[in-house]
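work.cif follows; it contains mmCIF, C-alpha atoms and all ligand atoms.
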data_model
#
loop_
_atom_site.label_atom_id
_atom_site.label_comp_id
_atom_site.auth_asym_id
_atom_site.auth_seq_id
_atom_site.Cartn_x
_atom_site.Cartn_y
_atom_site.Cartn_z
CA ALA D 1 -49.81 -156.20 -16.09
CA SER D 2 -47.34 -158.86 -15.11
CA ILE D 3 -44.73 -157.46 -17.50
CA ARG D 4 -41.55 -157.21 -15.49
CA THR D 5 -39.20 -155.75 -18.10
CA THR D 6 -38.66 -152.10 -17.23
CA ALA D 7 -37.83 -148.98 -19.24
CA VAL D 8 -36.52 -146.00 -17.29
CA ARG D 9 -35.98 -142.59 -18.87
CA ASP D 10 -32.44 -141.21 -18.52
CA GLY D 11 -32.01 -137.89 -20.34
CA ASP D 12 -32.13 -138.58 -24.09
CA TYR D 13 -32.21 -142.35 -23.51
CA TRP D 14 -34.35 -145.17 -22.17
CA ILE D 15 -32.64 -147.88 -20.12
CA ILE D 16 -34.21 -151.31 -20.57
CA ASN D 17 -33.78 -154.21 -18.13
CA GLY D 18 -35.37 -157.64 -18.25
CA THR D 19 -35.53 -160.95 -20.11
CA LYS D 20 -38.07 -162.00 -22.74
CA GLN D 21 -38.73 -165.69 -23.21
CA TRP D 22 -40.25 -167.66 -26.07
CA ILE D 23 -39.63 -165.00 -28.70
CA THR D 24 -40.35 -166.24 -32.21
CA ASN D 25 -37.34 -165.50 -34.45
CA GLY D 26 -35.79 -163.69 -31.46
CA PRO D 27 -32.35 -165.34 -31.76
CA ILE D 28 -32.00 -164.20 -35.39
CA CYS D 29 -33.66 -160.78 -35.22
CA ASP D 30 -32.03 -157.60 -36.55
CA PHE D 31 -34.33 -155.54 -34.36
CA CYS D 32 -37.20 -156.20 -31.98
CA THR D 33 -40.16 -154.36 -30.52
CA VAL D 34 -40.09 -154.74 -26.75
CA VAL D 35 -42.98 -154.23 -24.35
CA ALA D 36 -41.74 -152.81 -21.05
CA THR D 37 -43.29 -151.02 -18.12
CA THR D 38 -42.39 -147.37 -17.74
CA ASP D 39 -44.43 -147.09 -14.53
CA PRO D 40 -45.19 -150.33 -12.63
CA SER D 41 -47.59 -148.48 -10.30
CA LYS D 42 -49.94 -147.87 -13.25
CA GLY D 43 -50.37 -151.56 -14.10
CA LEU D 44 -51.45 -152.05 -17.73
CA LYS D 45 -51.51 -148.28 -18.29
CA GLY D 46 -47.78 -148.20 -17.59
CA ILE D 47 -46.68 -150.41 -20.48
CA ASN D 48 -45.01 -149.12 -23.63
CA PHE D 49 -43.30 -150.28 -26.82
CA PHE D 50 -39.63 -149.75 -27.68
CA LEU D 51 -37.51 -150.54 -30.69
CA VAL D 52 -34.19 -152.22 -29.92
CA GLU D 53 -31.65 -152.90 -32.64
CA LYS D 54 -29.21 -155.77 -32.84
CA GLY D 55 -25.77 -154.68 -31.65
CA THR D 56 -27.09 -152.24 -29.04
CA PRO D 57 -24.85 -152.60 -25.93
CA GLY D 58 -26.73 -154.51 -23.22
CA PHE D 59 -28.93 -156.39 -25.73
CA SER D 60 -28.11 -160.06 -26.29
CA TYR D 61 -29.67 -163.33 -27.38
CA GLY D 62 -30.24 -165.89 -24.62
CA GLN D 63 -31.06 -169.58 -24.76
CA VAL D 64 -32.53 -171.11 -27.93
CA ILE D 65 -35.46 -173.34 -26.95
CA ASN D 66 -35.61 -176.92 -28.22
CA LYS D 67 -39.31 -177.24 -29.10
CA LEU D 68 -41.81 -180.05 -29.62
CA GLY D 69 -43.17 -178.51 -32.83
CA CYS D 70 -42.77 -175.56 -35.22
CA ARG D 71 -39.19 -176.68 -35.57
CA GLY D 72 -38.66 -174.71 -38.76
CA VAL D 73 -38.77 -171.50 -36.72
CA VAL D 74 -36.17 -170.56 -34.13
CA THR D 75 -37.50 -169.44 -30.74
CA GLY D 76 -35.55 -168.15 -27.77
CA GLU D 77 -34.74 -165.59 -25.13
CA LEU D 78 -33.81 -161.94 -25.47
CA VAL D 79 -31.83 -160.34 -22.66
CA PHE D 80 -31.75 -156.62 -21.83
CA ASP D 81 -29.10 -155.70 -19.29
CA ASN D 82 -28.97 -151.92 -18.80
CA CYS D 83 -29.67 -151.66 -22.51
CA ARG D 84 -29.52 -147.97 -23.46
CA ILE D 85 -31.59 -146.90 -26.46
CA PRO D 86 -32.21 -143.40 -27.90
CA ALA D 87 -35.36 -141.64 -26.65
CA GLU D 88 -36.84 -141.68 -30.18
CA ASN D 89 -36.94 -145.51 -30.06
CA TRP D 90 -40.03 -145.27 -27.86
CA LEU D 91 -42.89 -146.22 -30.22
CA GLY D 92 -45.85 -144.03 -29.36
CA ASP D 93 -47.09 -140.54 -28.68
CA ASP D 94 -48.70 -140.93 -25.27
CA LEU D 95 -47.16 -142.94 -22.41
CA GLU D 96 -50.63 -144.10 -21.31
CA LYS D 97 -51.64 -145.47 -24.71
CA GLY D 98 -49.29 -148.46 -24.92
CA VAL D 99 -51.98 -150.79 -23.64
CA GLU D 100 -54.31 -149.70 -26.46
CA TYR D 101 -51.65 -150.52 -29.06
CA LEU D 102 -51.07 -153.88 -27.37
CA GLY D 103 -54.80 -154.69 -27.53
CA GLU D 104 -54.91 -153.88 -31.24
CA ILE D 105 -51.80 -155.95 -31.99
CA LEU D 106 -53.25 -158.87 -30.03
CA ASP D 107 -56.51 -158.69 -32.02
CA GLU D 108 -54.46 -159.20 -35.18
CA ILE D 109 -52.29 -161.92 -33.64
CA ARG D 110 -55.37 -163.84 -32.45
CA ILE D 111 -57.06 -163.73 -35.85
CA MET D 112 -53.77 -164.76 -37.46
CA THR D 113 -53.36 -167.62 -34.97
CA GLY D 114 -56.90 -168.78 -35.78
CA ALA D 115 -56.00 -168.74 -39.48
CA MET D 116 -52.84 -170.76 -38.77
CA ALA D 117 -54.96 -173.26 -36.84
CA LEU D 118 -57.31 -173.59 -39.78
CA GLY D 119 -54.36 -174.04 -42.16
CA ILE D 120 -52.81 -176.83 -40.08
CA ALA D 121 -56.23 -178.47 -39.66
CA ARG D 122 -56.88 -178.31 -43.39
CA ALA D 123 -53.52 -179.90 -44.23
CA ALA D 124 -54.09 -182.72 -41.73
CA TYR D 125 -57.67 -183.22 -42.94
CA GLN D 126 -56.61 -183.36 -46.60
CA GLU D 127 -53.89 -185.92 -45.93
CA ALA D 128 -56.26 -188.04 -43.84
CA LEU D 129 -58.86 -187.86 -46.62
CA GLU D 130 -56.42 -189.15 -49.23
CA PHE D 131 -55.26 -191.87 -46.86
CA ALA D 132 -58.85 -192.96 -46.10
CA ARG D 133 -59.56 -193.30 -49.82
CA LYS D 134 -56.62 -195.57 -50.53
CA ARG D 135 -55.88 -197.51 -47.33
CA VAL D 136 -57.52 -200.93 -47.47
CA ALA D 137 -58.25 -202.71 -44.16
CA PHE D 138 -60.34 -205.85 -43.80
CA GLY D 139 -60.90 -205.89 -47.56
CA ARG D 140 -62.33 -202.37 -47.98
CA PRO D 141 -60.96 -198.82 -48.20
CA ILE D 142 -61.29 -197.44 -44.67
CA GLY D 143 -63.26 -194.48 -46.12
CA LYS D 144 -66.13 -196.95 -46.59
CA TYR D 145 -66.51 -197.46 -42.84
CA GLN D 146 -69.22 -195.32 -41.27
CA LEU D 147 -67.20 -194.40 -38.19
CA ILE D 148 -64.42 -193.07 -40.42
CA ARG D 149 -66.91 -191.13 -42.57
CA ALA D 150 -68.45 -189.58 -39.47
CA LYS D 151 -65.02 -188.25 -38.48
CA PHE D 152 -64.75 -186.42 -41.81
CA ALA D 153 -68.29 -185.08 -41.47
CA ASP D 154 -67.52 -183.63 -38.03
CA MET D 155 -64.10 -182.29 -39.00
CA ALA D 156 -65.41 -180.57 -42.16
CA THR D 157 -68.33 -179.01 -40.28
CA GLU D 158 -66.19 -177.67 -37.45
CA MET D 159 -63.50 -176.38 -39.81
CA GLU D 160 -66.18 -174.52 -41.77
CA ALA D 161 -67.51 -172.95 -38.56
CA ALA D 162 -63.95 -171.94 -37.60
CA ARG D 163 -63.39 -170.45 -41.06
CA LEU D 164 -66.51 -168.28 -40.77
CA LEU D 165 -65.50 -167.00 -37.32
CA ILE D 166 -62.01 -166.14 -38.62
CA TYR D 167 -63.31 -164.42 -41.77
CA ARG D 168 -65.81 -162.37 -39.78
CA ALA D 169 -63.22 -161.23 -37.23
CA ALA D 170 -60.75 -160.40 -40.03
CA TRP D 171 -63.44 -158.47 -41.91
CA MET D 172 -64.32 -156.48 -38.78
CA LEU D 173 -60.64 -155.67 -38.25
CA ASP D 174 -60.36 -154.49 -41.87
CA GLN D 175 -63.39 -152.23 -41.39
CA GLY D 176 -61.75 -150.63 -38.34
CA MET D 177 -64.45 -152.10 -36.06
CA ASN D 178 -63.83 -153.27 -32.50
CA CYS D 179 -63.30 -157.03 -32.87
CA ARG D 180 -61.82 -157.88 -29.45
CA LYS D 181 -64.46 -160.51 -28.65
CA GLU D 182 -64.69 -161.92 -32.18
CA ALA D 183 -60.88 -162.26 -32.44
CA ILE D 184 -60.80 -164.26 -29.19
CA MET D 185 -63.72 -166.46 -30.31
CA ALA D 186 -62.03 -167.14 -33.65
CA LYS D 187 -58.66 -167.95 -32.07
CA VAL D 188 -59.97 -170.21 -29.32
CA PHE D 189 -62.53 -172.04 -31.46
CA ALA D 190 -60.25 -172.57 -34.48
CA THR D 191 -57.39 -173.75 -32.26
CA GLU D 192 -59.59 -176.27 -30.43
CA VAL D 193 -60.97 -177.53 -33.76
CA CYS D 194 -57.39 -177.86 -34.99
CA GLN D 195 -56.41 -179.97 -31.94
CA LYS D 196 -59.30 -182.30 -32.71
CA VAL D 197 -58.56 -182.56 -36.44
CA VAL D 198 -54.83 -183.27 -36.01
CA ASP D 199 -55.71 -185.91 -33.42
CA GLU D 200 -58.24 -187.57 -35.73
CA ALA D 201 -55.76 -187.48 -38.62
CA THR D 202 -53.21 -189.47 -36.60
CA ARG D 203 -55.92 -192.00 -35.68
CA ILE D 204 -57.08 -192.38 -39.28
CA TYR D 205 -53.47 -193.03 -40.30
CA GLY D 206 -53.35 -195.95 -37.85
CA ALA D 207 -49.84 -196.84 -36.68
CA ASN D 208 -48.42 -194.70 -39.47
CA GLY D 209 -49.83 -191.72 -37.60
CA PHE D 210 -47.23 -192.52 -34.95
CA ALA D 211 -44.36 -192.71 -37.45
CA LEU D 212 -42.05 -189.73 -37.87
CA GLU D 213 -41.93 -190.60 -41.57
CA TYR D 214 -45.48 -189.30 -42.18
CA ALA D 215 -46.92 -185.80 -41.88
CA PRO D 216 -49.75 -186.30 -39.32
CA GLN D 217 -47.41 -186.39 -36.30
CA ARG D 218 -45.86 -183.10 -37.44
CA HIS D 219 -49.27 -181.42 -37.66
CA PHE D 220 -50.09 -182.90 -34.24
CA ARG D 221 -46.92 -181.38 -32.74
CA ASP D 222 -47.16 -178.04 -34.56
CA ALA D 223 -50.79 -177.56 -33.51
CA ARG D 224 -49.80 -177.50 -29.83
CA PHE D 225 -48.10 -174.13 -30.28
CA LEU D 226 -51.45 -172.53 -31.08
CA LEU D 227 -52.67 -173.26 -27.55
CA TYR D 228 -50.18 -170.70 -26.21
CA GLY D 229 -49.44 -168.19 -28.97
CA GLY D 230 -51.88 -165.25 -28.79
CA GLY D 231 -52.81 -166.24 -25.23
CA THR D 232 -53.78 -169.46 -23.47
CA HIS D 233 -57.41 -170.53 -23.63
CA GLU D 234 -57.82 -170.34 -19.86
CA VAL D 235 -56.81 -166.68 -19.91
CA LEU D 236 -58.71 -165.85 -23.11
CA ARG D 237 -61.96 -167.49 -22.00
CA ASP D 238 -61.72 -165.70 -18.68
CA TYR D 239 -61.14 -162.39 -20.49
CA LEU D 240 -63.96 -163.00 -22.98
CA GLY D 241 -66.32 -163.90 -20.15
CA ARG D 242 -65.38 -160.66 -18.41
CA LEU D 243 -66.05 -158.66 -21.60
CA LEU D 244 -69.44 -160.35 -22.00
CA ILE D 245 -70.58 -160.03 -18.38
CA GLY D 246 -69.14 -156.56 -17.92
CA ARG D 247 -67.95 -154.93 -14.71
CA LEU D 248 -69.85 -156.19 -11.65
C1 LIG D 301 -43.70 -171.63 -29.96
C2 LIG D 301 -44.03 -170.40 -29.14
C3 LIG D 301 -43.73 -169.14 -29.66
C4 LIG D 301 -43.99 -167.99 -28.91
N1 LIG D 301 -43.65 -166.76 -29.43
C5 LIG D 301 -43.83 -165.65 -28.68
C6 LIG D 301 -43.40 -164.36 -29.16
O1 LIG D 301 -42.89 -164.22 -30.27
N2 LIG D 301 -43.57 -163.29 -28.35
C7 LIG D 301 -44.13 -163.41 -27.11
O2 LIG D 301 -44.27 -162.38 -26.42
N3 LIG D 301 -44.53 -164.61 -26.62
C8 LIG D 301 -44.39 -165.73 -27.37
N4 LIG D 301 -44.79 -166.95 -26.87
C9 LIG D 301 -45.23 -167.02 -25.48
C10 LIG D 301 -46.73 -167.12 -25.29
O3 LIG D 301 -47.35 -165.89 -25.58
C11 LIG D 301 -46.95 -167.56 -23.83
O4 LIG D 301 -46.46 -168.88 -23.70
C12 LIG D 301 -48.39 -167.51 -23.41
O5 LIG D 301 -48.84 -166.17 -23.32
C13 LIG D 301 -48.60 -168.17 -22.03
O6 LIG D 301 -47.73 -167.65 -21.08
P1 LIG D 301 -46.83 -168.63 -20.19
O7 LIG D 301 -46.19 -169.63 -21.08
O8 LIG D 301 -45.97 -167.78 -19.34
O9 LIG D 301 -47.87 -169.42 -19.29
P2 LIG D 301 -48.37 -169.02 -17.83
O10 LIG D 301 -48.91 -167.62 -17.87
O11 LIG D 301 -47.31 -169.34 -16.84
O12 LIG D 301 -49.59 -170.02 -17.63
C14 LIG D 301 -49.43 -171.34 -17.13
C15 LIG D 301 -50.82 -171.96 -17.01
O13 LIG D 301 -51.62 -171.19 -16.10
C16 LIG D 301 -52.79 -170.73 -16.74
N5 LIG D 301 -53.10 -169.37 -16.29
C17 LIG D 301 -52.25 -168.30 -16.21
N6 LIG D 301 -52.92 -167.22 -15.78
C18 LIG D 301 -54.21 -167.60 -15.60
C19 LIG D 301 -55.39 -166.92 -15.18
N7 LIG D 301 -55.38 -165.62 -14.90
N8 LIG D 301 -56.54 -167.63 -15.11
C20 LIG D 301 -56.56 -168.96 -15.43
N9 LIG D 301 -55.48 -169.65 -15.82
C21 LIG D 301 -54.32 -168.98 -15.92
C22 LIG D 301 -52.45 -170.74 -18.24
O14 LIG D 301 -53.62 -170.82 -19.02
C23 LIG D 301 -51.59 -171.98 -18.34
O15 LIG D 301 -52.42 -173.12 -18.39
C24 LIG D 301 -44.58 -168.11 -27.62
C25 LIG D 301 -44.90 -169.39 -27.11
C26 LIG D 301 -44.64 -170.52 -27.87
C27 LIG D 301 -44.99 -171.87 -27.30
#
Here is a file; write its structure as structure tokens.
Ligand SMILES: Cc1cc2nc3c(=O)[nH]c(=O)nc-3n(C[C@H](O)[C@H](O)[C@H](O)COP(=O)(O)OP(=O)(O)OC[C@H]3O[C@@H](n4cnc5c(N)ncnc54)[C@H](O)[C@@H]3O)c2cc1C
Amino acid sequence: ASIRTTAVRDGDYWIINGTKQWITNGPICDFCTVVATTDPSKGLKGINFFLVEKGTPGFSYGQVINKLGCRGVVTGELVFDNCRIPAENWLGDDLEKGVEYLGEILDEIRIMTGAMALGIARAAYQEALEFARKRVAFGRPIGKYQLIRAKFADMATEMEAARLLIYRAAWMLDQGMNCRKEAIMAKVFATEVCQKVVDEATRIYGANGFALEYAPQRHFRDARFLLYGGGTHEVLRDYLGRLLIGRL
């Protein structure tokens, strides 16, 4: 657990100290759930969730981050400086179970991130499809060229595979089954497919794919967020590999 924000019990209160970066909607939140360590010596077993409300002394909004994509959502820092919250704002019933809750939340976030990836990919694909049908180059609609058709064949196939992985992981979650591995597979695969599709869409658009006036560049920029949200692919593939191989 590399979580450095701390929560220390003080009578009927918890005192929170630390800074959270890259928090989606953080700078406009009315309340937030904060992960902090209550016992750094316990590693992951020492982390817990706390509810902090806007206006609590010691809680403030930090820098708003100027992002490449997802510009319709505000993202920024949250600062906790001796922030004192009532004891009942600890979210849980066992101080050693926080890591379990985190795992379950991350399963949901990863499936959701996979679904977002598929949504962005589908939008980019659809726009590229319409463009390929109507854009005429060298006397023919570009959709008549085999290399362009092959791009659509590959994109559609990979998006379908991503969709099935996402649906299966979501179904398992709904059934209350353990879907840790499936959620990671769905997130990583769908996000990589999305990177490929948004890239192809900008190519199919030709120079217009480079123009801020058209949608493909926005999908291209927005898709980058998915590489980090829910965990980077280096970390997730390492974790998935560990789950598959088991303890050695
Ligand atoms: C738009 C946006 C919104 C976000 N919203 C939220 C939010 O609401 N809440 C929230 O908590 N977080 C949020 N995040 C943060 C996101 O979860 C982190 O960016 C992500 O977990 C990666 O952490 P990091 O940026 O510190 O990268 P680092 O951990 O510093 O990683 C840097 C590089 O090192 C690699 N790396 C790190 N550790 C390992 C390892 N063990 N093995 C191999 N490679 C490794 C990474 O893969 C990466 O390539 C958001 C990020 C973005 C971009």
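Using only C-alpha atoms, the residues found no farther than 10 Å from Ala215 of chain D, other than those of its own chain fewer than 6 positions away, are Ala123, Ala124, Glu127, Ala128, Ala201, Thr202, Tyr205, Asn208 and Gly209 of chain D.
Distance-wise, atom CA of Met155 of chain D and atom CA of Arg237 of chain D end up 22.6 Å apart.
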The centre and edge lengths of an axis-aligned box containing all atoms of segment 184-203 of chain D present in the file, extended by 5 Å on each side, are to be given in Å to one decimal, as AutoDock Vina command-line options.
--center_x -58.5 --center_y -178.1 --center_z -33.9 --size_x 20.5 --size_y 37.7 --size_z 19.4
request  = Could the residues that lie within 7 Å of ligand LIG 301 (chain D), counting all atoms listed in the file, be listed as a ChimeraX atom specification?
outcome  = /D:21-24,70,75,225,228-235,238
message = I'd like the neighbourhood of segment 27-37 of chain D as number ranges by chain, where a residue qualifies if any of its atoms comes within 9 Å (using all atoms listed in the file), though same-chain residues fewer than 4 positions away should be ignored.
response = D: 1, 3-8, 16-18, 20, 23, 42-55, 60-64, 74-78, 91, 98, 102
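The smallest atom-to-atom distance between Asp154 of chain D and any of D:Asp174, D:Asp222, D:Glu200, D:Glu182, using all atoms listed in the file, is found for D:Glu200.
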request  = Write out as a ChimeraX atom specification the residues lying within 9 Å of Val193 of chain D, counting only C-alpha atoms and excluding same-chain residues fewer than 6 positions away.
outcome  = /D:117-118,121,155,158-159,162
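Distance check against Arg221 of chain D using all atoms listed in the file: of D:Cys194, D:Ala150, D:Leu243, D:Val188, the minimum falls on D:Cys194.
Minimum atom-to-atom distance to Ala190 of chain D, evaluated using only C-alpha atoms, belongs to D:Ile111 out of D:Ile111, D:Ala207, D:Met177, D:Leu68.
Distances here use only C-alpha atoms; by that measure, the residue among D:Glu192, D:Asp10, D:Glu88, D:Glu213 closest to Ile120 of chain D is D:Glu192.
Of the residues listed (D:Phe152, D:Trp171, D:Phe138, D:Trp14), D:Trp14 shows the shortest atom-to-atom separation from Trp90 of chain D; distances use only C-alpha atoms.
Nearest to Gly103 of chain D of all the residues D:Lys181, D:Lys196, D:Arg247, D:Lys187 is D:Lys181, counting all atoms listed in the file.
We find atom CA of Val136 of chain D and atom CA of Lys151 of chain D to be spaced 17.3 Å apart.
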For atom CA of Leu164 of chain D and atom CA of Gln195 of chain D, the interatomic separation in Å (one decimal) = 17.8 Å
What would segment 68-89 of chain D look like with N, CA, C and O atoms restored, written as an mmCIF file, in the frame of the given file?
data_model
loop_
_atom_site.group_PDB
_atom_site.id
_atom_site.type_symbol
_atom_site.label_atom_id
_atom_site.label_comp_id
_atom_site.auth_asym_id
_atom_site.auth_seq_id
_atom_site.Cartn_x
_atom_site.Cartn_y
_atom_site.Cartn_z
ATOM 1 N N LEU D 68 -41.088 -178.861 -29.162
ATOM 2 C CA LEU D 68 -41.810 -180.050 -29.620
ATOM 3 C C LEU D 68 -42.210 -179.909 -31.095
ATOM 4 O O LEU D 68 -42.108 -180.856 -31.874
ATOM 5 N N GLY D 69 -42.694 -178.720 -31.460
ATOM 6 C CA GLY D 69 -43.170 -178.510 -32.830
ATOM 7 C C GLY D 69 -42.679 -177.183 -33.380
ATOM 8 O O GLY D 69 -41.851 -176.511 -32.757
ATOM 9 N N CYS D 70 -43.202 -176.798 -34.548
ATOM 10 C CA CYS D 70 -42.770 -175.560 -35.220
ATOM 11 C C CYS D 70 -41.252 -175.491 -35.263
ATOM 12 O O CYS D 70 -40.649 -174.456 -34.949
ATOM 13 N N ARG D 71 -40.646 -176.588 -35.648
ATOM 14 C CA ARG D 71 -39.190 -176.680 -35.570
ATOM 15 C C ARG D 71 -38.480 -175.964 -36.715
ATOM 16 O O ARG D 71 -37.261 -175.827 -36.705
ATOM 17 N N GLY D 72 -39.253 -175.489 -37.677
ATOM 18 C CA GLY D 72 -38.660 -174.710 -38.760
ATOM 19 C C GLY D 72 -38.430 -173.254 -38.376
ATOM 20 O O GLY D 72 -37.856 -172.484 -39.141
ATOM 21 N N VAL D 73 -38.905 -172.885 -37.185
ATOM 22 C CA VAL D 73 -38.770 -171.500 -36.720
ATOM 23 C C VAL D 73 -37.946 -171.526 -35.432
ATOM 24 O O VAL D 73 -38.164 -172.374 -34.568
ATOM 25 N N VAL D 74 -37.001 -170.586 -35.331
ATOM 26 C CA VAL D 74 -36.170 -170.560 -34.130
ATOM 27 C C VAL D 74 -36.845 -169.666 -33.073
ATOM 28 O O VAL D 74 -37.414 -168.621 -33.387
ATOM 29 N N THR D 75 -36.827 -170.140 -31.839
ATOM 30 C CA THR D 75 -37.500 -169.440 -30.740
ATOM 31 C C THR D 75 -36.547 -169.362 -29.557
ATOM 32 O O THR D 75 -35.865 -170.349 -29.254
ATOM 33 N N GLY D 76 -36.488 -168.229 -28.894
ATOM 34 C CA GLY D 76 -35.550 -168.150 -27.770
ATOM 35 C C GLY D 76 -35.713 -166.908 -26.926
ATOM 36 O O GLY D 76 -36.706 -166.176 -27.046
ATOM 37 N N GLU D 77 -34.711 -166.691 -26.093
ATOM 38 C CA GLU D 77 -34.740 -165.590 -25.130
ATOM 39 C C GLU D 77 -34.039 -164.348 -25.677
ATOM 40 O O GLU D 77 -33.085 -164.458 -26.453
ATOM 41 N N LEU D 78 -34.501 -163.199 -25.207
ATOM 42 C CA LEU D 78 -33.810 -161.940 -25.470
ATOM 43 C C LEU D 78 -33.497 -161.317 -24.112
ATOM 44 O O LEU D 78 -34.368 -161.278 -23.233
ATOM 45 N N VAL D 79 -32.260 -160.865 -23.960
ATOM 46 C CA VAL D 79 -31.830 -160.340 -22.660
ATOM 47 C C VAL D 79 -31.482 -158.858 -22.783
ATOM 48 O O VAL D 79 -30.766 -158.454 -23.710
ATOM 49 N N PHE D 80 -32.020 -158.064 -21.861
ATOM 50 C CA PHE D 80 -31.750 -156.620 -21.830
ATOM 51 C C PHE D 80 -31.118 -156.292 -20.481
ATOM 52 O O PHE D 80 -31.768 -156.401 -19.438
ATOM 53 N N ASP D 81 -29.837 -155.937 -20.524
ATOM 54 C CA ASP D 81 -29.100 -155.700 -19.290
ATOM 55 C C ASP D 81 -28.559 -154.261 -19.346
ATOM 56 O O ASP D 81 -27.541 -154.004 -19.980
ATOM 57 N N ASN D 82 -29.294 -153.352 -18.704
ATOM 58 C CA ASN D 82 -28.970 -151.920 -18.800
ATOM 59 C C ASN D 82 -28.783 -151.510 -20.262
ATOM 60 O O ASN D 82 -27.799 -150.862 -20.625
ATOM 61 N N CYS D 83 -29.726 -151.932 -21.067
ATOM 62 C CA CYS D 83 -29.670 -151.660 -22.510
ATOM 63 C C CYS D 83 -30.137 -150.221 -22.759
ATOM 64 O O CYS D 83 -31.289 -149.878 -22.481
ATOM 65 N N ARG D 84 -29.245 -149.413 -23.296
ATOM 66 C CA ARG D 84 -29.520 -147.970 -23.460
ATOM 67 C C ARG D 84 -29.907 -147.691 -24.910
ATOM 68 O O ARG D 84 -29.118 -147.933 -25.821
ATOM 69 N N ILE D 85 -31.138 -147.198 -25.091
ATOM 70 C CA ILE D 85 -31.590 -146.900 -26.460
ATOM 71 C C ILE D 85 -31.985 -145.421 -26.548
ATOM 72 O O ILE D 85 -32.406 -144.821 -25.553
ATOM 73 N N PRO D 86 -31.861 -144.817 -27.751
ATOM 74 C CA PRO D 86 -32.210 -143.400 -27.900
ATOM 75 C C PRO D 86 -33.683 -143.159 -27.567
ATOM 76 O O PRO D 86 -34.532 -144.032 -27.811
ATOM 77 N N ALA D 87 -33.987 -141.967 -27.059
ATOM 78 C CA ALA D 87 -35.360 -141.640 -26.650
ATOM 79 C C ALA D 87 -36.350 -141.838 -27.801
ATOM 80 O O ALA D 87 -37.489 -142.254 -27.583
ATOM 81 N N GLU D 88 -35.897 -141.567 -29.054
ATOM 82 C CA GLU D 88 -36.840 -141.680 -30.180
ATOM 83 C C GLU D 88 -37.225 -143.134 -30.490
ATOM 84 O O GLU D 88 -38.113 -143.386 -31.297
ATOM 85 N N ASN D 89 -36.573 -144.104 -29.837
ATOM 86 C CA ASN D 89 -36.940 -145.510 -30.060
ATOM 87 C C ASN D 89 -38.173 -145.935 -29.264
ATOM 88 O O ASN D 89 -38.611 -147.077 -29.337
#
